[in-house]
Amino acid sequence: MSHKYKLRELVRITHPNFSDKRATTSGVYEVTRLMPADQTGEVSYRIKSSGFGERAVRESEIVAQT
């Protein structure tokens with residue numbers, strides 16, 4: 001499976017967990033790394049937001065920032 005999003009592309013998490021302390025108020029993250037597919041074949045990404053550090057997400061958990 002190939003990656004849908006590119007490095008430095010801005011994305012949003014589709015269903016943020018409201019108790020997640022890493023969530024940003026704007027909800028906008030930058031893709032910082034393209035990661036390989038997991039056991040299910042879904043690719044992952046490292047994303048970051050200023051002041052909140054990085055986190056890993058699956059492709060199905062994010063959408064492009066519009």
# chains A, B, ... in the order shown; residues from 1 in each chain; ligands from 1
>>> select_by_dssp(residues="chain A", states="strand (DSSP E)", output="list of chain:residue names")
A:Leu10, A:Val11, A:Arg12, A:Ile13, A:Val28, A:Tyr29, A:Glu30, A:Val31, A:Thr32, A:Arg33, A:Leu34, A:Met35, A:Ser44, A:Tyr45, A:Arg46, A:Ile47, A:Lys48, A:Ser49, A:Gly53, A:Glu54, A:Arg55, A:Ala56, A:Val57, A:Arg58, A:Ile62, A:Val63, A:Ala64
>>> residues_around(residues="Lys6 (chain A)", least_positions_apart="5", cutoff="10 Å", atoms="only C-alpha atoms", output="list in words")
Glu30, Val31, Thr32, Arg33, Leu34 and Tyr45 of chain A
>>> write_last_selection(atoms="N, CA, C and O atoms", output="CSV table (one decimal), in the first residue's frame")
chain,number,residue,atom,x,y,z
A,30,GLU,N,1.4,18.3,11.2
A,30,GLU,CA,2.2,18.2,10.0
A,30,GLU,C,2.8,16.8,9.9
A,30,GLU,O,3.3,16.2,10.9
A,31,VAL,N,2.8,16.2,8.7
A,31,VAL,CA,3.4,14.8,8.5
A,31,VAL,C,4.9,15.0,8.5
A,31,VAL,O,5.4,15.8,7.8
A,32,THR,N,5.5,14.3,9.4
A,32,THR,CA,7.0,14.4,9.6
A,32,THR,C,7.7,13.1,9.1
A,32,THR,O,8.9,13.2,8.9
A,33,ARG,N,7.0,12.0,9.0
A,33,ARG,CA,7.7,10.8,8.6
A,33,ARG,C,6.7,9.8,8.0
A,33,ARG,O,5.6,9.6,8.6
A,34,LEU,N,7.0,9.1,7.0
A,34,LEU,CA,6.2,8.1,6.4
A,34,LEU,C,6.7,6.7,6.9
A,34,LEU,O,7.9,6.4,6.8
A,45,TYR,N,2.0,7.1,9.9
A,45,TYR,CA,2.7,8.3,9.8
A,45,TYR,C,3.1,8.8,11.1
A,45,TYR,O,2.5,8.5,12.1
>>> closest_residue(among="A:Gln39, A:Ser44, A:Ser49, A:Thr14", to="Glu61 (chain A)", atoms="only C-alpha atoms")
A:Thr14
>>> residues_around(residues="Ile47 (chain A)", least_positions_apart="4", cutoff="10 Å", atoms="only C-alpha atoms", output="PyMOL selection string")
chain A and resi 7-13+28-34+53-57+62
>>> atom_distance(atom1="CA of Glu42 (chain A)", atom2="CA of Gln65 (chain A)")
20.3 Å
>>> atom_distance(atom1="CA of His3 (chain A)", atom2="CA of Phe52 (chain A)")
23.8 Å
>>> residues_around(residues="Met1 (chain A)", least_positions_apart="5", cutoff="10 Å", atoms="only C-alpha atoms", output="list in words")
Pro36, Ala37, Gly41, Glu42 and Val43 of chain A
